[in-house]
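work-v8.txt (compact mmCIF, C-alpha atoms)
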# COMPACT_ATOMS: atom_id res chain seq x y z
CA SER A 819 96.20 148.16 147.51
CA GLN A 820 98.36 145.42 146.08
CA THR A 821 98.54 144.60 142.39
CA ILE A 822 100.41 141.97 140.43
CA HIS A 823 101.49 142.32 136.84
CA GLN A 824 102.68 139.79 134.31
CA TRP A 825 104.07 140.32 130.85
CA PRO A 826 103.86 139.59 128.13
CA ALA A 827 100.22 138.51 128.03
CA THR A 828 100.76 136.24 125.05
CA LEU A 829 103.91 134.83 123.51
CA VAL A 830 104.60 132.59 120.52
CA GLN A 831 108.11 131.20 120.40
CA PRO A 832 109.93 128.62 118.26
CA VAL A 833 111.35 125.46 119.79
CA GLY A 834 114.89 126.03 121.02
CA SER A 835 114.49 129.76 121.58
CA PRO A 836 115.03 131.41 124.98
CA LEU A 837 112.27 132.59 127.30
CA SER A 838 111.86 135.34 129.83
CA LEU A 839 108.57 135.98 131.62
CA GLU A 840 108.34 138.73 134.18
CA CYS A 841 106.15 139.22 137.21
CA THR A 842 106.07 142.26 139.48
CA VAL A 843 104.08 143.05 142.58
CA GLU A 844 103.15 146.50 143.82
CA GLY A 845 101.90 147.69 147.16
CA THR A 846 103.58 145.18 149.44
CA SER A 847 107.06 144.28 150.63
CA ASN A 848 108.83 140.98 151.18
CA PRO A 849 106.13 138.87 149.54
CA ASN A 850 106.38 135.18 148.85
CA LEU A 851 106.32 134.71 145.08
CA TYR A 852 105.21 131.72 143.01
CA TRP A 853 105.28 130.49 139.39
CA TYR A 854 102.65 128.01 138.27
CA ARG A 855 101.94 126.38 134.93
CA GLN A 856 98.64 125.15 133.52
CA ALA A 857 98.90 122.83 130.57
CA ALA A 858 95.82 122.49 128.39
CA GLY A 859 93.05 120.72 130.28
CA ARG A 860 95.18 120.18 133.33
CA GLY A 861 95.38 121.68 136.78
CA LEU A 862 97.93 123.95 138.37
CA GLN A 863 101.53 122.81 138.66
CA LEU A 864 103.79 124.71 141.03
CA LEU A 865 107.12 125.36 139.32
CA PHE A 866 109.04 127.64 141.69
CA TYR A 867 108.54 129.66 144.81
CA SER A 868 110.61 132.28 146.53
CA VAL A 869 110.54 133.62 150.10
CA GLY A 870 113.14 136.33 149.52
CA ILE A 871 115.60 137.94 147.12
CA GLY A 872 117.83 135.32 145.56
CA GLN A 873 116.00 132.47 147.33
CA ILE A 874 114.42 130.09 144.84
CA SER A 875 112.90 126.68 145.48
CA SER A 876 112.27 124.41 142.51
CA GLU A 877 109.39 121.99 142.62
CA VAL A 878 109.73 120.21 139.30
CA PRO A 879 113.00 119.37 137.48
CA GLN A 880 112.80 120.76 133.97
CA ASN A 881 114.49 123.15 131.59
CA LEU A 882 113.02 126.21 133.30
CA SER A 883 114.66 128.41 135.90
CA ALA A 884 113.52 131.30 138.07
CA SER A 885 115.22 134.31 139.56
CA ARG A 886 114.27 137.04 142.01
CA PRO A 887 116.62 139.94 141.44
CA GLN A 888 114.50 142.40 143.43
CA ASP A 889 112.05 142.07 146.30
CA ARG A 890 108.95 142.35 144.15
CA GLN A 891 110.22 140.97 140.85
CA PHE A 892 110.10 137.32 139.82
CA ILE A 893 111.40 136.09 136.47
CA LEU A 894 110.85 132.76 134.76
CA SER A 895 113.43 131.79 132.14
CA SER A 896 114.52 129.09 129.79
CA LYS A 897 117.60 128.81 127.60
CA LYS A 898 115.91 126.51 125.06
CA LEU A 899 112.16 126.02 124.88
CA LEU A 900 110.55 122.65 124.30
CA LEU A 901 107.15 121.97 122.77
CA SER A 902 106.04 120.72 126.16
CA ASP A 903 106.68 124.14 127.68
CA SER A 904 103.51 125.46 126.05
CA GLY A 905 100.88 126.46 128.54
CA PHE A 906 99.45 129.21 130.69
CA TYR A 907 101.92 130.60 133.20
CA LEU A 908 100.63 132.19 136.36
CA CYS A 909 102.52 134.23 138.90
CA ALA A 910 101.17 134.62 142.42
CA TRP A 911 102.15 136.39 145.61
CA SER A 912 101.28 136.01 149.26
CA GLY A 913 102.28 137.61 152.51
CA SER A 914 105.22 136.11 154.30
CA GLN A 915 103.30 134.77 157.27
CA TYR A 916 102.06 131.20 157.58
CA GLN A 917 98.99 130.24 155.53
CA GLU A 918 98.45 133.58 153.90
CA THR A 919 96.20 133.94 150.87
CA GLN A 920 97.78 133.69 147.43
CA TYR A 921 96.80 136.29 144.85
CA PHE A 922 97.28 135.59 141.19
CA GLY A 923 98.37 137.64 138.22
CA PRO A 924 96.56 137.69 134.87
CA GLY A 925 98.83 135.04 133.35
CA THR A 926 100.96 134.61 130.23
CA ARG A 927 99.85 132.33 127.41
CA LEU A 928 102.94 130.67 125.87
CA LEU A 929 102.78 128.72 122.64
CA VAL A 930 105.92 126.93 121.53
CA LEU A 931 105.91 125.91 117.87
CA ALA B 943 101.03 113.75 152.74
CA GLN B 944 98.54 116.54 152.31
CA SER B 945 96.20 116.28 149.33
CA VAL B 946 93.10 117.92 147.88
CA THR B 947 90.54 116.02 145.84
CA GLN B 948 87.85 117.60 143.72
CA LEU B 949 85.16 115.15 142.67
CA GLY B 950 83.95 115.70 139.14
CA SER B 951 86.15 117.42 136.59
CA HIS B 952 83.02 118.69 134.81
CA VAL B 953 79.70 119.69 136.35
CA SER B 954 76.64 120.94 134.45
CA VAL B 955 73.69 122.70 136.04
CA SER B 956 70.70 124.53 134.70
CA GLU B 957 70.44 128.26 135.17
CA GLY B 958 68.71 128.88 138.50
CA ALA B 959 69.62 125.47 139.91
CA LEU B 960 71.78 124.73 142.92
CA VAL B 961 75.52 124.63 142.35
CA LEU B 962 77.48 122.08 144.38
CA LEU B 963 81.18 121.58 143.80
CA ARG B 964 82.90 119.04 145.97
CA CYS B 965 86.28 119.25 147.65
CA ASN B 966 87.88 116.90 150.18
CA TYR B 967 91.21 117.39 151.83
CA SER B 968 93.61 115.03 153.50
CA SER B 969 95.71 116.43 156.26
CA SER B 970 96.64 115.49 159.81
CA VAL B 971 95.87 119.05 160.86
CA PRO B 972 92.96 120.97 159.26
CA PRO B 973 94.60 123.51 157.02
CA TYR B 974 93.33 126.81 155.79
CA LEU B 975 91.15 126.08 152.76
CA PHE B 976 90.39 128.18 149.71
CA TRP B 977 88.16 128.26 146.66
CA TYR B 978 89.28 130.09 143.55
CA VAL B 979 87.50 130.75 140.27
CA GLN B 980 89.20 131.04 136.90
CA TYR B 981 87.54 132.49 133.82
CA PRO B 982 89.03 131.67 130.41
CA ASN B 983 92.48 133.13 129.83
CA GLN B 984 92.53 134.84 133.22
CA GLY B 985 94.27 134.33 136.51
CA LEU B 986 92.65 132.78 139.57
CA GLN B 987 90.37 134.94 141.68
CA LEU B 988 89.77 134.20 145.34
CA LEU B 989 86.15 133.28 146.07
CA LEU B 990 86.44 132.53 149.77
CA LYS B 991 88.76 131.34 152.51
CA TYR B 992 88.33 129.15 155.58
CA THR B 993 90.55 130.08 158.51
CA SER B 994 88.88 128.16 161.37
CA ALA B 995 87.00 131.23 162.60
CA ALA B 996 83.66 129.92 161.29
CA THR B 997 82.69 126.68 159.56
CA LEU B 998 80.34 128.38 157.10
CA VAL B 999 82.21 130.81 154.93
CA LYS B 1000 80.53 133.31 152.63
CA GLY B 1001 82.35 134.52 149.57
CA ILE B 1002 81.86 136.72 146.57
CA ASN B 1003 79.23 136.31 143.86
CA GLY B 1004 76.81 134.51 146.21
CA PHE B 1005 79.02 131.49 146.84
CA GLU B 1006 79.56 129.88 150.21
CA ALA B 1007 81.35 126.83 151.54
CA GLU B 1008 81.02 124.76 154.67
CA PHE B 1009 83.94 123.18 156.45
CA LYS B 1010 83.11 119.75 157.89
CA LYS B 1011 85.98 118.30 159.85
CA SER B 1012 84.28 114.91 160.33
CA GLU B 1013 83.99 114.53 156.56
CA THR B 1014 87.24 116.39 155.73
CA SER B 1015 85.20 118.33 153.21
CA PHE B 1016 84.89 121.90 152.05
CA HIS B 1017 82.18 121.86 149.41
CA LEU B 1018 81.26 125.02 147.47
CA THR B 1019 77.62 125.92 146.94
CA LYS B 1020 75.47 128.60 145.37
CA PRO B 1021 71.67 128.48 145.64
CA SER B 1022 70.94 129.65 142.11
CA ALA B 1023 73.34 129.35 139.18
CA HIS B 1024 73.81 132.21 136.79
CA MET B 1025 75.24 132.03 133.30
CA SER B 1026 78.16 134.15 134.46
CA ASP B 1027 79.16 131.39 136.92
CA ALA B 1028 80.46 129.26 134.06
CA ALA B 1029 84.17 128.91 134.81
CA GLU B 1030 86.71 126.57 136.35
CA TYR B 1031 86.84 126.27 140.12
CA PHE B 1032 89.82 125.22 142.18
CA CYS B 1033 89.94 124.11 145.79
CA ALA B 1034 93.23 124.56 147.63
CA ALA B 1035 94.76 123.83 151.03
CA SER B 1036 97.53 125.84 152.57
CA GLY B 1037 100.88 124.48 153.58
CA THR B 1038 103.95 126.09 155.10
CA TYR B 1039 104.74 128.14 152.00
CA LYS B 1040 102.88 126.29 149.31
CA TYR B 1041 99.32 125.49 148.45
CA ILE B 1042 98.04 122.09 147.44
CA PHE B 1043 95.53 122.56 144.61
CA GLY B 1044 92.83 120.23 143.45
CA THR B 1045 92.66 119.41 139.76
CA GLY B 1046 89.75 121.77 139.16
CA THR B 1047 86.07 121.47 138.28
CA ARG B 1048 84.72 123.08 135.13
CA LEU B 1049 81.21 124.37 135.72
CA LYS B 1050 78.84 124.63 132.77
CA VAL B 1051 75.57 126.51 133.16
CA LEU B 1052 72.77 125.50 130.81
CA ALA B 1053 70.15 128.00 129.68
Rewrite the coordinates I just gave you, this time as structure tokens.
Amino acid sequence: SQTIHQWPATLVQPVGSPLSLECTVEGTSNPNLYWYRQAAGRGLQLLFYSVGIGQISSEVPQNLSASRPQDRQFILSSKKLLLSDSGFYLCAWSGSQYQETQYFGPGTRLLVL
Amino acid sequence: AQSVTQLGSHVSVSEGALVLLRCNYSSSVPPYLFWYVQYPNQGLQLLLKYTSAATLVKGINGFEAEFKKSETSFHLTKPSAHMSDAAEYFCAASGTYKYIFGTGTRLKVLA
């Protein structure tokens, strides 16, 4: 069966510090991968998605970036965090066919102070 | 453009009462539709999925949803609410690679 992992689970970082969140998927190959953010009291915002190694699509211009160095690894990064980057970050995967179900990881709670 | 609207950001029901969470979609072609549940500080868990095979879809935890093309709706129901149903619920529609999510409905269950 497929599983998705995210780490760390919780992170407190000062403004201006760098960020690296990692997401890995097990039990499948060539998945589509997604990063979402939930700000407090708000819905899901799609940040990035990837349909293959090195292929990243950005949905929202911001100071975040994403990379996919391996088939089942998706990394969210920032060189300098802003207060507004605080939120709950969710990684998700789906099969590569059209309209496949997305499955979500447990999330990372980021607090920027 | 495709969109998903969830009516009511907060819904309260008494324990044992009917749960009805509303979702309408806007799309030229009926998409695949999904309901997810999110408990505090957790990821989203798939409740059910509509794929055009049947208009009434049964999901986990006693939830079901009915697809009505004429109303462009996909409302989520459960006959009898349980305290453990308190959570946030998201409706979503599939696109080519991406989903379009509604803004979520927080369900509160009153004892």
Spatial neighbours of segment 1022-1025 of chain B, 8 Å, all atoms listed in the file, chain gap at least 5 places, as a PyMOL selection string: chain B and resi 955-961+1051-1053
With a cut-off of 9 Å, could you pull out the residues of chain A touching chain B and give me the nearest pair of atoms for each, distance in Å to one decimal, using only C-alpha atoms, ordered by chain and ascending number, as a Markdown table?
| residue | atom | partner | partner_atom | distance |
| --- | --- | --- | --- | --- |
| A:Asn850 | CA | B:Tyr1039 | CA | 7.9 |
| A:Tyr852 | CA | B:Lys1040 | CA | 8.6 |
| A:Arg860 | CA | B:Thr1045 | CA | 6.9 |
| A:Gly861 | CA | B:Thr1045 | CA | 4.6 |
| A:Leu862 | CA | B:Phe1043 | CA | 6.8 |
| A:Gln863 | CA | B:Phe1043 | CA | 8.5 |
| A:Leu864 | CA | B:Lys1040 | CA | 8.5 |
| A:Tyr867 | CA | B:Lys1040 | CA | 8.0 |
| A:Val869 | CA | B:Tyr1039 | CA | 8.2 |
| A:Phe906 | CA | B:Asn983 | CA | 8.0 |
| A:Leu908 | CA | B:Gly985 | CA | 6.7 |
| A:Cys909 | CA | B:Gly985 | CA | 8.6 |
| A:Ser914 | CA | B:Tyr1039 | CA | 8.3 |
| A:Gln915 | CA | B:Tyr1039 | CA | 8.6 |
| A:Tyr916 | CA | B:Thr1038 | CA | 6.0 |
| A:Gln917 | CA | B:Ser1036 | CA | 5.5 |
| A:Glu918 | CA | B:Ser1036 | CA | 7.9 |
| A:Thr919 | CA | B:Lys991 | CA | 8.1 |
| A:Gln920 | CA | B:Leu988 | CA | 8.3 |
| A:Tyr921 | CA | B:Gln987 | CA | 7.3 |
| A:Phe922 | CA | B:Leu986 | CA | 5.7 |
| A:Gly923 | CA | B:Gly985 | CA | 5.5 |
| A:Pro924 | CA | B:Gly985 | CA | 4.4 |
| A:Gly925 | CA | B:Gly985 | CA | 5.6 |
| A:Thr926 | CA | B:Asn983 | CA | 8.6 |
| A:Arg927 | CA | B:Asn983 | CA | 7.8 |
Hey, can I get the axis-aligned box for segment 990-996 of chain B? All listed atoms, 4 Å padding on each side, centre and edge lengths in Å to one decimal, as JSON.
{"center_x": 87.1, "center_y": 130.3, "center_z": 156.2, "size_x": 14.9, "size_y": 12.4, "size_z": 20.8}
By how many Å are atom CA of Ser968 of chain B and atom CA of Ser994 of chain B apart?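 These atoms are spaced 16.0 Å apart.
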Please identify all polymer residues within 8 Å of segment 870-887 of chain A, counting only C-alpha atoms, omitting same-chain residues fewer than 5 positions from it, and present them as a PDB file with C-alpha atoms, in the coordinates of the input.
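This went into selection_32.pdb:
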ATOM      1  CA  ASN A 848     108.830 140.980 151.180  1.00  0.00           C
ATOM      2  CA  PRO A 849     106.130 138.870 149.540  1.00  0.00           C
ATOM      3  CA  ASN A 850     106.380 135.180 148.850  1.00  0.00           C
ATOM      4  CA  LEU A 864     103.790 124.710 141.030  1.00  0.00           C
ATOM      5  CA  LEU A 865     107.120 125.360 139.320  1.00  0.00           C
ATOM      6  CA  PHE A 892     110.100 137.320 139.820  1.00  0.00           C
ATOM      7  CA  ILE A 893     111.400 136.090 136.470  1.00  0.00           C
ATOM      8  CA  LEU A 894     110.850 132.760 134.760  1.00  0.00           C
ATOM      9  CA  SER A 895     113.430 131.790 132.140  1.00  0.00           C
ATOM     10  CA  SER A 896     114.520 129.090 129.790  1.00  0.00           C
ATOM     11  CA  LYS A 897     117.600 128.810 127.600  1.00  0.00           C
ATOM     12  CA  LYS A 898     115.910 126.510 125.060  1.00  0.00           C
ATOM     13  CA  LEU A 899     112.160 126.020 124.880  1.00  0.00           C
TER      14      LEU A 899
END
In Å and to one decimal, atom CA of Ala1028 of chain B is distant from atom CA of Ala857 of chain A by 19.8 Å
Here atom CA of Gln888 of chain A and atom CA of Arg855 of chain A stand apart by 22.1 Å
Find the residues with any atom within 6 Å of (84.9, 126.5, 158.3); use only C-alpha atoms and the coordinates as given in the file, and write the answer as a PDB file with C-alpha atoms, keeping the file's coordinate frame.
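The file below, out.pdb, is the result:
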ATOM      1  CA  TYR B 992      88.330 129.150 155.580  1.00  0.00           C
ATOM      2  CA  SER B 994      88.880 128.160 161.370  1.00  0.00           C
ATOM      3  CA  ALA B 996      83.660 129.920 161.290  1.00  0.00           C
ATOM      4  CA  THR B 997      82.690 126.680 159.560  1.00  0.00           C
ATOM      5  CA  LEU B 998      80.340 128.380 157.100  1.00  0.00           C
ATOM      6  CA  GLU B1008      81.020 124.760 154.670  1.00  0.00           C
ATOM      7  CA  PHE B1009      83.940 123.180 156.450  1.00  0.00           C
TER       8      PHE B1009
END
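Once all atoms listed in the file are considered, the residues situated within 7 Å of the file point (102.0, 141.2, 144.0) turn out to be A:Gln820, A:Thr821, A:Ile822, A:Thr842, A:Val843, A:Glu844, A:Thr846, A:Ala910, A:Trp911.
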Using all atoms listed in the file: which of B:Ala995, B:Cys1033, B:Leu989, B:Leu962 has the shortest distance to Lys1020 of chain B: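 Among the listed residues, B:Leu962 lies closest to Lys1020 of chain B.
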Have a look at B:Val999, B:Val979, B:Ala1007, B:Thr947 and name the one nearest to Ser1026 of chain B; count all atoms listed in the file. B:Val979
Mind checking which residues fall within 8 Å of Gln831 of chain A, counting only C-alpha atoms, ignoring those fewer than 2 positions away in the same chain, and posting them as a list in words? Leu829, Val833, Ser835, Leu899, Leu928, Leu929, Val930 and Leu931 of chain A
Here is a test: counting only C-alpha atoms, which residue of B:Glu1013, B:Pro1021, B:Asp1027, B:Gly1001 is nearest to Arg964 of chain B?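 Nearest candidate to Arg964 of chain B out of B:Glu1013, B:Pro1021, B:Asp1027, B:Gly1001: B:Glu1013.
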Mind filling out segment 858-869 of chain A with all heavy atoms and sending it as a CSV table (one decimal), keeping the file's coordinate frame?
chain,number,residue,atom,x,y,z
A,858,ALA,N,97.2,122.6,128.9
A,858,ALA,CA,95.8,122.5,128.4
A,858,ALA,C,95.0,121.4,129.1
A,858,ALA,O,95.5,120.2,129.1
A,858,ALA,CB,95.8,122.3,126.9
A,859,GLY,N,93.9,121.7,129.7
A,859,GLY,CA,93.0,120.7,130.3
A,859,GLY,C,93.6,120.1,131.6
A,859,GLY,O,93.1,119.1,132.0
A,860,ARG,N,94.6,120.7,132.1
A,860,ARG,CA,95.2,120.2,133.3
A,860,ARG,C,95.1,121.2,134.4
A,860,ARG,O,94.9,122.4,134.2
A,860,ARG,CB,96.6,119.7,133.1
A,860,ARG,CG,96.7,118.7,132.0
A,860,ARG,CD,98.1,118.2,131.7
A,860,ARG,NE,98.6,117.4,132.9
A,860,ARG,CZ,99.8,116.8,132.8
A,860,ARG,NH1,100.6,117.0,131.8
A,860,ARG,NH2,100.2,116.1,133.9
A,861,GLY,N,95.4,120.8,135.6
A,861,GLY,CA,95.4,121.7,136.8
A,861,GLY,C,96.6,122.5,136.9
A,861,GLY,O,97.4,122.7,136.0
A,862,LEU,N,96.8,123.1,138.1
A,862,LEU,CA,97.9,124.0,138.4
A,862,LEU,C,99.1,123.1,138.8
A,862,LEU,O,99.0,122.3,139.7
A,862,LEU,CB,97.6,124.9,139.5
A,862,LEU,CG,96.6,126.0,139.1
A,862,LEU,CD1,96.0,126.6,140.3
A,862,LEU,CD2,97.3,127.1,138.3
A,863,GLN,N,100.3,123.4,138.2
A,863,GLN,CA,101.5,122.8,138.7
A,863,GLN,C,102.5,123.9,139.2
A,863,GLN,O,102.8,124.8,138.5
A,863,GLN,CB,102.2,122.1,137.5
A,863,GLN,CG,103.5,121.4,137.8
A,863,GLN,CD,104.2,120.9,136.5
A,863,GLN,OE1,104.1,121.4,135.5
A,863,GLN,NE2,104.8,119.7,136.7
A,864,LEU,N,102.8,123.8,140.5
A,864,LEU,CA,103.8,124.7,141.0
A,864,LEU,C,105.2,124.5,140.5
A,864,LEU,O,105.7,123.3,140.5
A,864,LEU,CB,103.8,124.6,142.6
A,864,LEU,CG,104.8,125.5,143.3
A,864,LEU,CD1,104.4,127.0,143.1
A,864,LEU,CD2,104.8,125.2,144.8
A,865,LEU,N,105.8,125.5,139.9
A,865,LEU,CA,107.1,125.4,139.3
A,865,LEU,C,108.2,125.8,140.3
A,865,LEU,O,109.2,125.1,140.5
A,865,LEU,CB,107.2,126.2,138.0
A,865,LEU,CG,106.2,125.8,136.9
A,865,LEU,CD1,106.4,126.8,135.8
A,865,LEU,CD2,106.4,124.4,136.5
A,866,PHE,N,108.1,127.0,140.8
A,866,PHE,CA,109.0,127.6,141.7
A,866,PHE,C,108.3,128.5,142.7
A,866,PHE,O,107.2,129.0,142.5
A,866,PHE,CB,110.0,128.6,140.9
A,866,PHE,CG,110.8,127.9,139.8
A,866,PHE,CD1,110.3,127.9,138.5
A,866,PHE,CD2,112.0,127.2,140.1
A,866,PHE,CE1,111.0,127.3,137.5
A,866,PHE,CE2,112.7,126.6,139.0
A,866,PHE,CZ,112.2,126.6,137.7
A,867,TYR,N,109.0,128.7,143.9
A,867,TYR,CA,108.5,129.7,144.8
A,867,TYR,C,109.8,130.3,145.4
A,867,TYR,O,110.9,129.7,145.5
A,867,TYR,CB,107.6,129.1,145.8
A,867,TYR,CG,108.1,128.2,146.9
A,867,TYR,CD1,108.6,128.6,148.1
A,867,TYR,CD2,108.1,126.8,146.6
A,867,TYR,CE1,109.1,127.7,149.0
A,867,TYR,CE2,108.6,125.9,147.5
A,867,TYR,CZ,109.1,126.4,148.7
A,867,TYR,OH,109.5,125.5,149.7
A,868,SER,N,109.5,131.5,146.0
A,868,SER,CA,110.6,132.3,146.5
A,868,SER,C,110.1,133.0,147.8
A,868,SER,O,109.1,133.7,147.7
A,868,SER,CB,111.1,133.3,145.5
A,868,SER,OG,112.0,134.2,146.1
A,869,VAL,N,110.9,132.9,148.9
A,869,VAL,CA,110.5,133.6,150.1
A,869,VAL,C,111.4,134.9,150.3
A,869,VAL,O,111.2,135.6,151.3
A,869,VAL,CB,110.6,132.7,151.3
A,869,VAL,CG1,109.7,131.5,151.1
A,869,VAL,CG2,112.0,132.2,151.5
